[in-house]
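Notes for the one structure printed next.
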Amino acid sequence: MLLKDKVAIVTGAGSGIGEGIALRFGQDGAKIVVAEVDEKKGKATAAKLKELKADALVVPTDVSRVQDIDAMVAKSFQHFGRVDILVNNAGIRFASLIIEMPDEEWLKTIGTNLTGVFFCLRRTAAEMVKRGIPGSIVNISSVAGMRGIRNRAAYCAAKAGVISLTQVAALELAPHNIRVNAIAPGLIETALTAHYLTGTDPDSKMMAEKFAATIPLGRWGQPSDIAAAATYLASQESSYVTGTTLVVDAGLTAA
């Protein structure tokens, strides 16, 4: 069990990639703080963790609100006494051309996908440093942070920012033996993308086929693919890895 007795905060753990990471961590022996804006979804993930015999704490958290982040970190340390791992996964996505994008859409995307990552990282790392706890921080970026995608300016900018933030944080936290890495997923089947794969209308089918044709390994990824990468980066298996972005995209960016 790679994460036996470790305590991990996973934001956005109520569905998709976050849920996959939380469940995989639980299987590997970790105690999980399920930080989720949708409390019902968070409780559902906690129930699944209980079935795996993993200890879980649900903390309703909107990562765009600093007061929520402060409460999340405080409750995590109060309940478990320590935090060894933070996974910054929570995120949102909209689709707009730059010249048509509402101001609120930009601010909300950056606020959740980049500023939220910054404050979660800063608050958690500060407590780890104060208490002398070594550990690992994993930020979920995206291949969208490495290439331009039409209609996704805010999302791409935020995810690129996460990669840069990861590098800086890795340098600053290395003296405290806290490693900071990022994962850049490619096309992953989640609630946000499922309509492409399960839709019956011609447009959905066309988009699914178009996306699949761009993937060298010929399949969409699953949350479990990202969870495996996160487990590696969170564990001592990657003890000599920090400041890097692990691309998990079936060769998409290589193509």
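Ligands are numbered from 1 in the order shown, chains are lettered A, B, ... in the order of the structure tokens, and residues start at 1 in each chain.
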Show me a table, sorted first by chain and then by increasing residue number, of the residues of range 52-146 of chain A having an atom at most 9 Å from range 24-43 of chain A, each with its shortest atom pair and the distance in Å to one decimal, counting only C-alpha atoms and written as JSON lines.
```
{"residue": "A:Leu52", "atom": "CA", "partner": "A:Gln27", "partner_atom": "CA", "distance": 6.5}
{"residue": "A:Lys53", "atom": "CA", "partner": "A:Gly26", "partner_atom": "CA", "distance": 7.9}
{"residue": "A:Ala54", "atom": "CA", "partner": "A:Gly26", "partner_atom": "CA", "distance": 5.3}
{"residue": "A:Asp55", "atom": "CA", "partner": "A:Lys31", "partner_atom": "CA", "distance": 4.9}
{"residue": "A:Ala56", "atom": "CA", "partner": "A:Ile32", "partner_atom": "CA", "distance": 4.7}
{"residue": "A:Leu57", "atom": "CA", "partner": "A:Val33", "partner_atom": "CA", "distance": 4.8}
{"residue": "A:Val58", "atom": "CA", "partner": "A:Val34", "partner_atom": "CA", "distance": 4.7}
{"residue": "A:Val59", "atom": "CA", "partner": "A:Ala35", "partner_atom": "CA", "distance": 5.0}
{"residue": "A:Pro60", "atom": "CA", "partner": "A:Glu36", "partner_atom": "CA", "distance": 5.1}
{"residue": "A:Thr61", "atom": "CA", "partner": "A:Val37", "partner_atom": "CA", "distance": 4.7}
{"residue": "A:Asp62", "atom": "CA", "partner": "A:Val37", "partner_atom": "CA", "distance": 4.9}
{"residue": "A:Val63", "atom": "CA", "partner": "A:Val37", "partner_atom": "CA", "distance": 7.9}
{"residue": "A:Met72", "atom": "CA", "partner": "A:Ala35", "partner_atom": "CA", "distance": 7.2}
{"residue": "A:Ser76", "atom": "CA", "partner": "A:Val33", "partner_atom": "CA", "distance": 6.6}
{"residue": "A:Phe80", "atom": "CA", "partner": "A:Lys31", "partner_atom": "CA", "distance": 8.3}
{"residue": "A:Ala90", "atom": "CA", "partner": "A:Glu36", "partner_atom": "CA", "distance": 7.9}
```
Closest pair table for range 26-138 of chain A residues within 7 Å of range 168-180 of chain A, only C-alpha atoms, as CSV:
```
residue,atom,partner,partner_atom,distance
A:Val129,CA,A:His176,CA,6.4
A:Pro134,CA,A:Asn177,CA,5.1
A:Gly135,CA,A:Ile178,CA,4.7
A:Ser136,CA,A:Arg179,CA,4.7
A:Ile137,CA,A:Val180,CA,4.7
A:Val138,CA,A:Val180,CA,6.0
```
Selection file, N, CA and C atoms, as an mmCIF file, in the first residue's frame:
```cif
data_model
loop_
_atom_site.group_PDB
_atom_site.id
_atom_site.type_symbol
_atom_site.label_atom_id
_atom_site.label_comp_id
_atom_site.auth_asym_id
_atom_site.auth_seq_id
_atom_site.Cartn_x
_atom_site.Cartn_y
_atom_site.Cartn_z
ATOM 1 N N VAL A 129 4.763 23.123 6.525
ATOM 2 C CA VAL A 129 6.078 23.665 6.876
ATOM 3 C C VAL A 129 6.140 23.975 8.363
ATOM 4 N N PRO A 134 6.907 16.599 5.860
ATOM 5 C CA PRO A 134 7.261 16.475 4.445
ATOM 6 C C PRO A 134 6.058 15.937 3.681
ATOM 7 N N GLY A 135 6.060 16.083 2.377
ATOM 8 C CA GLY A 135 4.906 15.562 1.659
ATOM 9 C C GLY A 135 4.936 15.846 0.178
ATOM 10 N N SER A 136 3.759 15.747 -0.429
ATOM 11 C CA SER A 136 3.642 15.885 -1.875
ATOM 12 C C SER A 136 2.388 16.678 -2.228
ATOM 13 N N ILE A 137 2.534 17.617 -3.161
ATOM 14 C CA ILE A 137 1.406 18.367 -3.688
ATOM 15 C C ILE A 137 1.301 18.063 -5.183
ATOM 16 N N VAL A 138 0.107 17.684 -5.612
ATOM 17 C CA VAL A 138 -0.130 17.341 -7.014
ATOM 18 C C VAL A 138 -1.201 18.281 -7.557
#
```
Checklist line | 12 Å contact set for Ala153 in chain A, only C-alpha atoms, chain neighbours under 5 positions out, as a VMD selection string | finding: chain A and resid 93 to 102 105 to 107 109 to 110 144 to 148 158 to 160
So that I have them on file, write out the residues from the current selection with C-alpha atoms, as a PDB file, in the first residue's frame.
```pdb
ATOM      1  CA  ARG A  93     -14.790  25.008 -17.811  1.00  0.00           C
ATOM      2  CA  PHE A  94     -16.727  27.239 -20.177  1.00  0.00           C
ATOM      3  CA  ALA A  95     -16.651  27.736 -23.927  1.00  0.00           C
ATOM      4  CA  SER A  96     -16.469  31.244 -25.423  1.00  0.00           C
ATOM      5  CA  LEU A  97     -14.524  33.069 -28.091  1.00  0.00           C
ATOM      6  CA  ILE A  98     -12.254  35.729 -26.592  1.00  0.00           C
ATOM      7  CA  ILE A  99     -14.117  38.672 -28.108  1.00  0.00           C
ATOM      8  CA  GLU A 100     -17.460  37.269 -26.930  1.00  0.00           C
ATOM      9  CA  MET A 101     -16.443  36.048 -23.470  1.00  0.00           C
ATOM     10  CA  PRO A 102     -18.361  37.638 -20.571  1.00  0.00           C
ATOM     11  CA  GLU A 105     -16.665  33.853 -17.213  1.00  0.00           C
ATOM     12  CA  TRP A 106     -12.988  34.808 -17.304  1.00  0.00           C
ATOM     13  CA  LEU A 107     -12.916  35.831 -13.645  1.00  0.00           C
ATOM     14  CA  THR A 109     -12.524  30.349 -14.467  1.00  0.00           C
ATOM     15  CA  ILE A 110      -9.281  31.943 -13.328  1.00  0.00           C
ATOM     16  CA  ALA A 144      -4.902  22.656 -22.666  1.00  0.00           C
ATOM     17  CA  GLY A 145      -2.230  24.466 -20.654  1.00  0.00           C
ATOM     18  CA  MET A 146       0.332  23.494 -23.295  1.00  0.00           C
ATOM     19  CA  ARG A 147      -1.527  24.324 -26.489  1.00  0.00           C
ATOM     20  CA  GLY A 148      -4.145  26.752 -27.719  1.00  0.00           C
ATOM     21  CA  ALA A 158      -5.488  28.983 -16.053  1.00  0.00           C
ATOM     22  CA  LYS A 159      -4.035  25.546 -16.760  1.00  0.00           C
ATOM     23  CA  ALA A 160      -0.836  27.064 -18.151  1.00  0.00           C
TER      24      ALA A 160
END
```
Next item on the list: With a distance cut-off of 9 Å and only C-alpha atoms, select the neighbouring residues of range 81-87 of chain A, excluding the residue or stretch itself and same-chain residues fewer than 3 positions from it, and output the selection as a PyMOL selection string.
Entry: chain A and resi 6-11+18+21+73+76-78+90+120-121+124-125+127-128+131+133-140+178+230+234-235
Next item on the list: Write out as a PyMOL selection string all residues of range 80-212 of chain A that backbone DSSP assigns to strand (DSSP E).
Entry: chain A and resi 85-88+135-140+178-185
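From CA of Ile183 in chain A back to CA of Gly132 in chain A, the distance works out to 25.6 Å.
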Note to self: Using DSSP secondary structure from the backbone, list all alpha helix (DSSP H) positions within range 55-189 of chain A, as a PyMOL selection string.
What the structure shows: chain A and resi 66-80+103-110+116-131+153-173
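For the residues A:Arg65, A:Gly221, A:Thr112, A:Gly243, ranking by smallest atom-to-atom distance to Ser164 in chain A using only C-alpha atoms places A:Gly243 first.
The coordinates place CA of Gly111 in chain A at 19.7 Å from CA of Ile17 in chain A.
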Next item on the list: Could you tell me how far CA of Ile163 in chain A lies from CA of Lys130 in chain A, in Å and to one decimal?
Entry: 25.1 Å
